[in-house]
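> start-v6.cif (mmCIF, C-alpha atoms and all ligand atoms) pasted underneath:
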data_entry
#
loop_
_atom_site.label_atom_id
_atom_site.label_comp_id
_atom_site.auth_asym_id
_atom_site.auth_seq_id
_atom_site.Cartn_x
_atom_site.Cartn_y
_atom_site.Cartn_z
CA MET A 1068 -5.18 -1.50 -24.71
CA SER A 1069 -1.84 -1.69 -26.45
CA ASP A 1070 0.73 -4.17 -27.70
CA LEU A 1071 4.29 -4.01 -26.39
CA PHE A 1072 7.34 -6.24 -26.64
CA ILE A 1073 9.77 -5.98 -23.71
CA LYS A 1074 13.09 -7.56 -24.52
CA ASN A 1075 15.85 -8.65 -22.21
CA THR A 1076 14.45 -8.33 -18.72
CA VAL A 1077 15.01 -10.41 -15.60
CA LEU A 1078 12.28 -11.84 -13.38
CA GLU A 1079 12.13 -12.05 -9.59
CA ASN A 1080 13.40 -15.66 -9.68
CA GLY A 1081 16.52 -14.60 -11.61
CA GLN A 1082 15.33 -15.97 -14.95
CA ASN A 1083 16.06 -13.87 -18.05
CA ALA A 1084 12.88 -13.19 -19.96
CA ASP A 1085 11.20 -11.43 -22.85
CA ILE A 1086 7.61 -10.32 -22.23
CA LEU A 1087 5.01 -9.88 -24.97
CA ILE A 1088 1.86 -7.88 -24.26
CA ILE A 1089 -0.97 -8.08 -26.77
CA ASN A 1090 -4.12 -6.02 -26.45
CA GLY A 1091 -3.22 -5.00 -22.91
CA LYS A 1092 -2.70 -8.57 -21.64
CA ILE A 1093 0.46 -10.60 -21.15
CA ALA A 1094 0.51 -13.05 -24.05
CA GLU A 1095 3.88 -14.70 -23.39
CA VAL A 1096 6.77 -14.69 -20.92
CA SER A 1097 9.79 -16.77 -21.90
CA SER A 1098 13.56 -16.71 -22.10
CA SER A 1099 13.46 -15.75 -25.77
CA ILE A 1100 10.53 -14.68 -27.92
CA GLU A 1101 11.16 -14.56 -31.69
CA GLY A 1102 9.17 -13.46 -34.71
CA ILE A 1103 7.77 -10.20 -33.35
CA SER A 1104 6.29 -8.12 -36.16
CA ASP A 1105 8.01 -4.83 -37.07
CA ASP A 1106 5.00 -2.71 -36.17
CA THR A 1107 4.83 -3.96 -32.54
CA PRO A 1108 6.25 -1.28 -30.21
CA LYS A 1109 9.43 -2.54 -28.50
CA ILE A 1110 11.64 -1.64 -25.57
CA ASP A 1111 14.96 -3.08 -24.47
CA ALA A 1112 15.03 -3.55 -20.67
CA ASP A 1113 18.83 -4.00 -20.78
CA GLY A 1114 18.75 -6.84 -18.25
CA TRP A 1115 16.89 -4.90 -15.54
CA LEU A 1116 14.22 -6.33 -13.26
CA ALA A 1117 10.57 -6.60 -14.29
CA SER A 1118 8.11 -6.48 -11.40
CA PRO A 1119 4.35 -6.38 -11.24
CA PRO A 1120 3.34 -2.82 -10.31
CA PHE A 1121 3.55 -1.76 -6.70
CA ILE A 1122 0.36 -1.51 -4.67
CA ASP A 1123 -0.42 0.83 -1.81
CA SER A 1124 -3.19 -0.88 0.15
CA HIS A 1125 -3.57 1.85 2.79
CA PHE A 1126 -3.64 5.54 1.98
CA HIS A 1127 -5.61 8.76 2.60
CA LEU A 1128 -5.98 10.64 -0.69
CA ASP A 1129 -8.37 13.21 0.83
CA ALA A 1130 -5.76 14.41 3.35
CA THR A 1131 -2.60 14.08 1.30
CA LEU A 1132 -0.27 17.00 0.51
CA SER A 1133 -1.97 19.24 3.09
CA TYR A 1134 1.03 19.40 5.42
CA GLY A 1135 1.08 22.58 7.50
CA MET A 1136 -2.60 23.39 6.90
CA PRO A 1137 -3.80 25.04 9.09
CA ARG A 1138 -0.80 24.33 11.35
CA ILE A 1139 1.85 21.68 12.03
CA ASN A 1140 1.31 18.67 14.33
CA GLN A 1141 3.43 19.75 17.32
CA SER A 1142 3.25 16.58 19.44
CA GLY A 1143 3.68 14.20 16.51
CA THR A 1144 0.90 12.00 17.88
CA LEU A 1145 -1.96 10.27 16.11
CA LEU A 1146 -4.50 12.07 18.30
CA GLU A 1147 -3.17 15.56 17.52
CA GLY A 1148 -3.18 14.57 13.85
CA ILE A 1149 -6.86 13.59 14.10
CA SER A 1150 -7.80 16.87 15.80
CA LEU A 1151 -5.73 18.86 13.29
CA TRP A 1152 -7.58 17.12 10.45
CA GLY A 1153 -10.81 18.05 12.27
CA GLU A 1154 -9.75 21.73 12.09
CA LEU A 1155 -8.86 21.47 8.42
CA LYS A 1156 -11.96 19.56 7.31
CA PRO A 1157 -14.54 22.39 7.42
CA THR A 1158 -12.26 24.56 5.27
CA LEU A 1159 -11.70 22.02 2.48
CA LYS A 1160 -12.72 22.95 -1.05
CA MET A 1161 -13.56 20.53 -3.84
CA ASP A 1162 -11.05 21.86 -6.41
CA GLU A 1163 -8.21 21.86 -3.86
CA LEU A 1164 -8.99 18.31 -2.72
CA ILE A 1165 -8.94 17.14 -6.33
CA GLU A 1166 -5.77 19.05 -7.15
CA ARG A 1167 -3.83 17.54 -4.24
CA ALA A 1168 -5.06 13.99 -4.89
CA ASP A 1169 -4.28 14.44 -8.61
CA ASN A 1170 -0.72 15.41 -7.74
CA LEU A 1171 -0.32 12.39 -5.51
CA CYS A 1172 -1.67 10.07 -8.22
CA ARG A 1173 0.92 11.40 -10.65
CA TRP A 1174 3.69 10.76 -8.09
CA SER A 1175 2.27 7.32 -7.58
CA ILE A 1176 2.42 6.46 -11.29
CA ALA A 1177 5.98 7.81 -11.55
CA LYS A 1178 6.98 5.48 -8.68
CA GLY A 1179 5.37 2.47 -10.37
CA THR A 1180 2.45 2.19 -7.93
CA LEU A 1181 -0.62 1.42 -10.03
CA ALA A 1182 -3.19 0.49 -7.36
CA ILE A 1183 -4.16 2.48 -4.27
CA ARG A 1184 -6.70 1.68 -1.58
CA SER A 1185 -7.63 5.04 -0.11
CA HIS A 1186 -9.72 5.62 2.99
CA VAL A 1187 -12.02 8.64 2.64
CA ASP A 1188 -13.42 10.40 5.69
CA VAL A 1189 -17.22 10.20 5.87
CA SER A 1190 -17.60 11.65 9.37
CA GLY A 1191 -17.83 15.36 8.51
CA LYS A 1192 -20.93 17.45 7.95
CA ASP A 1193 -20.96 16.64 4.24
CA LEU A 1194 -19.45 14.15 1.78
CA LEU A 1195 -17.28 16.62 -0.12
CA GLY A 1196 -14.21 14.39 0.21
CA VAL A 1197 -16.12 11.41 -1.15
CA GLU A 1198 -17.43 13.40 -4.14
CA ALA A 1199 -13.91 14.66 -4.86
CA MET A 1200 -12.25 11.25 -4.58
CA LEU A 1201 -14.90 9.62 -6.81
CA GLN A 1202 -13.96 12.18 -9.47
CA VAL A 1203 -10.26 11.39 -9.02
CA ARG A 1204 -10.97 7.63 -9.26
CA GLU A 1205 -12.88 8.21 -12.49
CA LYS A 1206 -10.20 10.47 -13.98
CA PHE A 1207 -7.40 7.98 -13.37
CA LYS A 1208 -9.36 4.77 -14.04
CA ASP A 1209 -7.33 3.73 -17.09
CA PHE A 1210 -4.02 4.29 -15.29
CA LEU A 1211 -4.51 3.60 -11.61
CA ASP A 1212 -6.83 1.19 -9.78
CA ILE A 1213 -8.21 3.33 -6.96
CA GLN A 1214 -10.29 1.53 -4.34
CA LEU A 1215 -12.13 3.84 -1.93
CA VAL A 1216 -12.98 2.95 1.68
CA ALA A 1217 -15.83 4.67 3.58
CA PHE A 1218 -13.89 5.68 6.67
CA PRO A 1219 -15.62 7.11 9.78
CA GLN A 1220 -12.50 8.98 10.99
CA ASP A 1221 -14.20 10.52 14.05
CA GLY A 1222 -15.86 7.25 15.08
CA LEU A 1223 -19.07 5.68 13.79
CA PHE A 1224 -20.94 6.28 17.09
CA ARG A 1225 -18.76 9.09 18.37
CA SER A 1226 -19.59 11.27 15.37
CA GLY A 1227 -22.92 9.63 14.46
CA CYS A 1228 -22.03 9.13 10.80
CA LEU A 1229 -23.75 5.85 9.94
CA ASP A 1230 -26.07 7.59 7.44
CA ASN A 1231 -23.13 9.30 5.77
CA LEU A 1232 -21.26 6.01 5.56
CA ASN A 1233 -24.21 4.29 3.88
CA LYS A 1234 -24.65 7.26 1.53
CA ALA A 1235 -20.99 7.05 0.53
CA LEU A 1236 -21.42 3.36 -0.28
CA ASP A 1237 -24.55 4.20 -2.32
CA MET A 1238 -22.46 6.76 -4.23
CA GLY A 1239 -20.03 4.02 -5.27
CA VAL A 1240 -17.40 3.83 -2.53
CA ASP A 1241 -16.01 0.30 -2.71
CA VAL A 1242 -15.05 -0.87 0.80
CA VAL A 1243 -16.48 -0.58 4.35
CA GLY A 1244 -14.10 1.06 6.83
CA GLY A 1245 -14.11 1.56 10.58
CA ILE A 1246 -12.09 2.81 13.54
CA PRO A 1247 -13.23 0.78 16.57
CA HIS A 1248 -10.42 1.85 18.93
CA PHE A 1249 -11.48 5.49 18.51
CA GLU A 1250 -15.07 4.91 19.66
CA ARG A 1251 -15.75 6.05 23.25
CA THR A 1252 -15.53 2.58 24.79
CA ALA A 1253 -14.23 -0.83 23.75
CA ALA A 1254 -17.83 -2.07 23.87
CA GLN A 1255 -18.93 0.59 21.39
CA GLY A 1256 -15.91 -0.27 19.27
CA ASN A 1257 -17.05 -3.90 19.16
CA GLU A 1258 -20.60 -2.82 18.35
CA SER A 1259 -19.28 -0.70 15.46
CA ILE A 1260 -17.41 -3.75 14.11
CA LYS A 1261 -20.62 -5.80 14.20
CA ILE A 1262 -22.70 -3.15 12.39
CA LEU A 1263 -20.04 -2.44 9.77
CA CYS A 1264 -19.35 -6.12 9.00
CA GLU A 1265 -23.10 -6.70 8.62
CA ILE A 1266 -23.28 -3.80 6.14
CA ALA A 1267 -20.43 -5.35 4.16
CA GLU A 1268 -22.07 -8.76 4.22
CA LYS A 1269 -25.41 -7.36 3.03
CA ARG A 1270 -23.81 -5.31 0.23
CA GLY A 1271 -21.24 -7.96 -0.77
CA LEU A 1272 -18.31 -5.62 -0.06
CA LEU A 1273 -14.82 -5.90 1.40
CA VAL A 1274 -13.95 -4.57 4.87
CA ASP A 1275 -10.84 -2.66 5.94
CA MET A 1276 -10.75 -1.19 9.42
CA HIS A 1277 -8.21 0.99 11.17
CA CYS A 1278 -7.93 -1.35 14.14
CA ASP A 1279 -6.07 -1.09 17.47
CA GLU A 1280 -3.92 1.82 16.27
CA SER A 1281 -2.47 2.52 19.71
CA ASP A 1282 0.24 1.43 22.15
CA ASP A 1283 -2.38 0.07 24.56
CA PRO A 1284 -1.64 -3.67 24.99
CA PHE A 1285 -5.27 -4.19 25.97
CA SER A 1286 -6.68 -2.69 22.79
CA ARG A 1287 -7.95 -5.98 21.40
CA GLN A 1288 -10.57 -5.03 18.87
CA ILE A 1289 -8.90 -7.30 16.32
CA GLU A 1290 -10.32 -10.13 18.44
CA HIS A 1291 -13.87 -8.95 17.70
CA LEU A 1292 -13.04 -8.36 14.04
CA THR A 1293 -11.98 -12.01 13.70
CA LEU A 1294 -15.17 -13.09 15.48
CA GLU A 1295 -17.50 -11.11 13.18
CA THR A 1296 -15.53 -12.16 10.10
CA ALA A 1297 -16.04 -15.83 10.97
CA ARG A 1298 -19.67 -15.37 12.13
CA LEU A 1299 -20.68 -13.71 8.85
CA GLY A 1300 -18.48 -15.91 6.65
CA LEU A 1301 -16.48 -12.94 5.36
CA PHE A 1302 -13.30 -15.00 5.03
CA GLU A 1303 -10.58 -13.36 2.88
CA ARG A 1304 -12.75 -10.23 2.56
CA VAL A 1305 -11.61 -8.48 5.74
CA ALA A 1306 -8.41 -6.61 6.51
CA GLY A 1307 -7.19 -5.16 9.79
CA SER A 1308 -5.09 -2.04 9.19
CA HIS A 1309 -2.36 -0.92 11.61
CA LEU A 1310 -2.90 -3.39 14.52
CA THR A 1311 -0.13 -1.55 16.35
CA SER A 1312 -1.31 -2.57 19.84
CA MET A 1313 -0.17 -6.08 18.90
CA HIS A 1314 3.39 -4.74 19.22
CA SER A 1315 2.76 -4.18 22.94
CA MET A 1316 0.59 -7.21 23.68
CA ASP A 1317 1.47 -9.95 26.09
CA ASN A 1318 3.05 -12.90 24.23
CA TYR A 1319 0.64 -15.40 25.75
CA TYR A 1320 -2.38 -13.47 24.54
CA PHE A 1321 -0.80 -13.09 21.09
CA SER A 1322 -0.42 -16.89 20.93
CA LYS A 1323 -4.20 -17.17 21.38
CA LEU A 1324 -4.98 -14.38 18.90
CA LEU A 1325 -2.83 -15.53 15.98
CA PRO A 1326 -4.76 -18.78 15.30
CA MET A 1327 -8.02 -16.81 15.43
CA MET A 1328 -6.66 -14.51 12.73
CA GLN A 1329 -5.64 -17.56 10.69
CA GLU A 1330 -9.11 -19.03 11.12
CA ALA A 1331 -10.70 -15.80 9.86
CA LYS A 1332 -8.18 -15.62 6.96
CA MET A 1333 -7.59 -12.02 8.02
CA GLY A 1334 -5.62 -9.69 5.80
CA ILE A 1335 -3.14 -7.46 7.63
CA ILE A 1336 -1.97 -4.03 6.53
CA ALA A 1337 0.93 -2.52 8.46
CA ASN A 1338 2.01 1.05 7.79
CA PRO A 1339 5.65 1.07 8.88
CA LEU A 1340 6.57 4.71 8.13
CA ILE A 1341 3.58 5.97 10.07
CA ASN A 1342 3.47 3.37 12.85
CA ILE A 1343 7.02 3.98 13.98
CA THR A 1344 6.50 7.73 13.77
CA LEU A 1345 3.17 8.02 15.61
CA GLN A 1346 3.44 5.19 18.14
CA GLY A 1347 5.61 5.12 21.25
CA ARG A 1348 5.22 8.89 21.72
CA HIS A 1349 4.31 8.49 25.40
CA ASP A 1350 7.35 6.27 26.07
CA THR A 1351 10.64 7.45 27.52
CA TYR A 1352 13.20 4.64 27.05
CA PRO A 1353 13.04 1.98 25.82
CA LYS A 1354 10.71 3.34 23.14
CA ARG A 1355 8.35 0.93 21.42
CA ARG A 1356 8.36 1.03 17.63
CA GLY A 1357 4.66 0.26 17.36
CA MET A 1358 4.62 -1.83 14.16
CA THR A 1359 2.46 -4.94 14.30
CA ARG A 1360 4.11 -8.40 14.49
CA VAL A 1361 4.77 -8.70 10.78
CA LYS A 1362 7.35 -11.48 10.91
CA GLU A 1363 5.16 -13.78 13.01
CA GLN A 1364 2.09 -13.04 10.87
CA ILE A 1365 3.93 -13.85 7.63
CA ASN A 1366 5.35 -17.04 9.17
CA ALA A 1367 1.80 -18.01 10.14
CA GLY A 1368 0.79 -17.81 6.46
CA LEU A 1369 -1.30 -14.65 6.80
CA ARG A 1370 -1.41 -12.15 3.93
CA VAL A 1371 0.54 -9.13 5.15
CA ALA A 1372 0.72 -5.91 3.13
CA PHE A 1373 2.49 -2.61 3.77
CA GLY A 1374 0.76 0.72 3.16
CA HIS A 1375 2.18 4.23 2.87
CA ASP A 1376 -0.82 5.68 4.75
CA CYS A 1377 0.26 9.33 4.57
CA VAL A 1378 2.36 11.68 2.45
CA MET A 1379 2.76 15.24 3.75
CA ASP A 1380 -0.45 15.50 5.77
CA PRO A 1381 -1.49 16.18 9.40
CA TRP A 1382 0.12 12.92 10.50
CA TYR A 1383 3.36 12.74 8.50
CA PRO A 1384 5.56 15.50 7.03
CA LEU A 1385 7.57 13.36 4.60
CA GLY A 1386 7.25 10.87 1.74
CA SER A 1387 7.10 10.77 -2.06
CA HIS A 1388 4.74 7.78 -2.33
CA ASP A 1389 7.56 5.33 -2.95
CA MET A 1390 6.42 1.86 -1.86
CA LEU A 1391 10.04 0.63 -1.89
CA GLU A 1392 10.78 3.14 0.88
CA VAL A 1393 7.84 1.69 2.82
CA ALA A 1394 9.00 -1.91 2.41
CA SER A 1395 12.58 -0.98 3.21
CA MET A 1396 11.49 0.66 6.47
CA ALA A 1397 9.39 -2.39 7.35
CA LEU A 1398 12.22 -4.85 6.88
CA HIS A 1399 14.49 -2.76 9.09
CA VAL A 1400 11.94 -2.29 11.85
CA ALA A 1401 10.81 -5.93 11.79
CA HIS A 1402 14.37 -7.36 11.78
CA MET A 1403 13.54 -9.07 8.47
CA THR A 1404 17.01 -9.06 6.90
CA GLY A 1405 17.11 -12.76 5.94
CA GLN A 1406 17.01 -13.34 2.15
CA ASN A 1407 13.53 -14.88 2.19
CA GLU A 1408 12.31 -12.31 4.67
CA MET A 1409 13.41 -9.46 2.41
CA LYS A 1410 11.63 -11.11 -0.53
CA GLU A 1411 8.49 -11.35 1.61
CA CYS A 1412 8.76 -7.60 2.26
CA PHE A 1413 8.78 -7.11 -1.52
CA HIS A 1414 5.67 -9.30 -1.77
CA ALA A 1415 4.02 -7.11 0.90
CA ILE A 1416 3.92 -4.24 -1.65
CA THR A 1417 3.05 -6.46 -4.64
CA GLN A 1418 1.26 -9.81 -4.51
CA TYR A 1419 -0.12 -9.79 -0.94
CA PRO A 1420 -1.94 -6.45 -1.24
CA ALA A 1421 -3.24 -7.62 -4.64
CA GLN A 1422 -4.83 -10.56 -2.83
CA ILE A 1423 -6.18 -8.40 0.01
CA MET A 1424 -7.69 -5.92 -2.47
CA HIS A 1425 -9.05 -8.75 -4.67
CA LEU A 1426 -7.31 -7.28 -7.74
CA GLU A 1427 -7.94 -9.48 -10.76
CA ASN A 1428 -5.32 -10.72 -13.25
CA TYR A 1429 -2.40 -9.29 -11.28
CA GLY A 1430 1.09 -10.66 -11.88
CA LEU A 1431 3.61 -11.38 -14.60
CA LYS A 1432 2.11 -14.59 -15.97
CA LYS A 1433 0.44 -15.26 -19.30
CA GLY A 1434 -3.14 -13.94 -19.19
CA CYS A 1435 -2.43 -11.32 -16.53
CA ASN A 1436 -2.92 -7.60 -17.20
CA GLY A 1437 -0.02 -6.07 -19.11
CA ASP A 1438 0.91 -3.92 -16.11
CA LEU A 1439 4.49 -3.84 -14.89
CA VAL A 1440 7.49 -1.80 -13.82
CA ILE A 1441 11.05 -2.09 -15.09
CA LEU A 1442 13.35 -1.12 -12.23
CA GLN A 1443 17.02 -0.21 -12.44
CA ALA A 1444 17.87 -3.17 -10.23
CA THR A 1445 18.78 -6.80 -10.84
CA THR A 1446 16.78 -8.41 -8.00
CA PRO A 1447 13.92 -7.46 -5.64
CA VAL A 1448 16.39 -7.24 -2.75
CA GLU A 1449 18.52 -4.82 -4.76
CA ALA A 1450 15.37 -2.79 -5.46
CA LEU A 1451 14.71 -2.61 -1.71
CA ARG A 1452 18.30 -1.58 -1.07
CA LEU A 1453 18.47 1.16 -3.72
CA LYS A 1454 14.89 2.37 -4.31
CA PRO A 1455 16.11 2.71 -7.90
CA ALA A 1456 14.85 4.49 -11.02
CA ARG A 1457 11.52 3.23 -12.42
CA LEU A 1458 12.82 3.03 -15.98
CA PHE A 1459 9.44 2.15 -17.51
CA VAL A 1460 6.00 2.01 -15.91
CA ILE A 1461 3.59 0.11 -18.13
CA LYS A 1462 -0.21 -0.06 -17.88
CA LYS A 1463 -2.10 -2.44 -20.18
CA GLY A 1464 0.81 -2.44 -22.60
CA GLN A 1465 1.14 1.35 -22.69
CA ILE A 1466 4.24 3.12 -21.34
CA ILE A 1467 2.84 5.73 -18.94
CA SER A 1468 6.04 6.84 -17.19
CA THR A 1469 9.76 6.77 -17.92
CA GLU A 1470 12.84 7.68 -15.92
CA MET A 1471 16.51 7.88 -16.96
CA PRO A 1472 18.85 5.32 -15.36
CA LYS A 1473 20.86 6.76 -12.48
CA SER A 1474 24.61 6.70 -12.98
CA SER A 1475 27.57 8.65 -11.62
CA LYS A 1476 30.83 9.05 -13.51
CA ILE A 1477 33.83 8.76 -11.18
CA THR A 1478 37.35 9.79 -12.21
CA ILE A 1479 40.24 8.29 -10.23
CA GLY A 1480 43.52 9.48 -11.77
CA GLU A 1481 43.50 8.29 -15.38
CA GLU A 1482 40.62 5.86 -14.88
CA THR A 1483 36.92 6.64 -15.31
CA TYR A 1484 34.21 4.47 -13.81
CA ASN A 1485 30.42 4.39 -14.01
CA VAL A 1486 28.77 3.82 -10.66
CA SER A 1487 25.16 2.62 -10.45
CA PHE A 1488 25.40 0.93 -7.02
CA THR A 1489 23.88 -2.21 -8.60
CA GLN A 1490 25.49 -5.60 -9.11
CA LYS A 1491 26.22 -4.50 -12.69
CA ASP A 1492 29.11 -2.43 -11.26
CA PHE A 1493 30.93 -5.67 -10.39
CA SER A 1494 33.24 -7.19 -13.00
CA TRP A 1495 31.82 -10.66 -12.28
CA TYR A 1496 28.19 -9.69 -12.92
CA GLY A 1497 26.58 -12.08 -15.38
CA THR A 1498 29.33 -14.69 -15.04
CA ARG A 1499 28.08 -16.41 -11.86
ZN ZN B 1501 -4.90 5.25 7.83
#
Step by step, read the file and then write its structure as structure tokens.
Ligand SMILES: [Zn+2]

Amino acid sequence: MSDLFIKNTVLENGQNADILIINGKIAEVSSSIEGISDDTPKIDADGWLASPPFIDSHFHLDATLSYGMPRINQSGTLLEGISLWGELKPTLKMDELIERADNLCRWSIAKGTLAIRSHVDVSGKDLLGVEAMLQVREKFKDFLDIQLVAFPQDGLFRSGCLDNLNKALDMGVDVVGGIPHFERTAAQGNESIKILCEIAEKRGLLVDMHCDESDDPFSRQIEHLTLETARLGLFERVAGSHLTSMHSMDNYYFSKLLPMMQEAKMGIIANPLINITLQGRHDTYPKRRGMTRVKEQINAGLRVAFGHDCVMDPWYPLGSHDMLEVASMALHVAHMTGQNEMKECFHAITQYPAQIMHLENYGLKKGCNGDLVILQATTPVEALRLKPARLFVIKKGQIISTEMPKSSKITIGEETYNVSFTQKDFSWYGTR
């Protein structure tokens, strides 16, 4: 819990602002704050953008940074990834799991992502992954809000892991997960949704299911998830992750489904980097992109978040856990290049996942946690365009990561120019 005075920043709405954090909380945000005592730590943001920290609402910390172990996913499909993970699982060791997740958490902090919802596989013979991730959550608790989801990767019925799932929740895992489309039949998938939502209702927990992660237009388990959400009164507590089959659904059916999702106040988590990589693999041309109908869902007032899902694991060979890369990919794939649409893509890695994860005191208003990122950008759209340096990452008033501004020096004849690719390169910047 620290004090910090951040001078000369700019907010998302373009307003210049100073931000004062006292005792880890935002005490004041205004165009000019005077009378700060000499012993308060200070930084000059030099006119760069202040954003609430990024949030990754869908990740797998137990699998991360294991790319190539024991072999590489040759087909690039979701199903080969799942079977590859099944080969790797029995060989996992506690210290290695912790070491890889630790590394990822450090990358996350450096990129200004200060909250992660991570699914943890509970369908193996033991709960080693859960024990390891609980240790990681504890280790990083003052720096990173880690929310763990009990995730039956191999299917609740298909692998018979209901006891393990309940044990994981008893051990302190926060959220109930599921994977209905991976059960043997759609009927068993629906039954798994019912059982898992009832567990969440009884324990007072949130729900986040991998749902309809396929190109099958008739994979409609989201329908049953909305039904159980409404039946049990779990409004605003349930999220459907992936929902990629919606990309391939008939438009008429989608027009029936969307109001049901509104009624259930369903949270939606798309994973653009992964969805466009894993889906459409059975297509020739045209190839489907596989991302859920983000634009329509946002226009319908649903809370839509973007997750990174994977970094260098059996499903995805790339990534550095940069949520701006995730949002940038989403806006391209979803044709969301309008000004407001791009801002909504920024919200899908900030305020919307905060709502879905029920994070308290999130934002840049007085009374919120003193958590923020100063980006080397002048607007959120510029941040999406450049994926710029995270100049300062601040948690409860404490600077926990710094990065030097990026700048190239260009010499053209006698003239020398600094190039940052931002609007500050333009002679008119600050005059309009
Ligand atoms: Zn996932």
> Tell me, in Å to one decimal, how far atom CA of A:Ser1286 is from atom CA of A:Ser1312.
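Atom CA of A:Ser1312 lies 6.1 Å from atom CA of A:Ser1286.
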> List as JSON lines every residue of stretch 1181-1257 of chain A that is in contact with stretch 1366-1390 of chain A, defined as an atom at most 10 Å from one of its atoms (using all atoms listed in the file), together with the nearest atom pair and the distance in Å rounded to one decimal, sorted by chain and then rising number.

{"residue": "A:Ile1183", "atom": "CA", "partner": "A:Gly1374", "partner_atom": "CA", "distance": 9.1}
{"residue": "A:Arg1184", "atom": "CA", "partner": "A:Gly1374", "partner_atom": "CA", "distance": 8.9}
{"residue": "A:Ser1185", "atom": "CA", "partner": "A:Asp1376", "partner_atom": "CA", "distance": 8.4}
{"residue": "A:His1186", "atom": "CA", "partner": "A:Asp1376", "partner_atom": "CA", "distance": 9.1}
> A:Asp1123, A:Glu1166, A:Glu1427, A:Asp1350: which is nearest ligand ZN 1501 (chain B), counting only C-alpha atoms and all ligand atoms?
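The closest residue to ligand ZN 1501 (chain B) is A:Asp1123.
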> Residues within 12 Å of ligand ZN 1501 (chain B) (all atoms listed in the file), as JSON, numbers by chain?
{"A": [1123, 1124, 1125, 1126, 1127, 1128, 1129, 1130, 1131, 1145, 1148, 1149, 1184, 1185, 1186, 1187, 1188, 1216, 1217, 1218, 1219, 1220, 1244, 1245, 1246, 1275, 1276, 1277, 1278, 1279, 1280, 1307, 1308, 1309, 1310, 1311, 1336, 1337, 1338, 1339, 1340, 1341, 1342, 1345, 1373, 1374, 1375, 1376, 1377, 1378, 1380, 1381, 1382, 1383]}
> For atom CA of A:Lys1261 and atom CA of A:Leu1273, determine how far apart the two atoms are, in Å to one decimal place.
14.1 Å
> Using all atoms listed in the file, can you tell me which of A:Met1200, A:Ala1177, A:Leu1453, A:Leu1195 comes closest to A:Ile1165?
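Under the stated criterion, the closest residue is A:Met1200.
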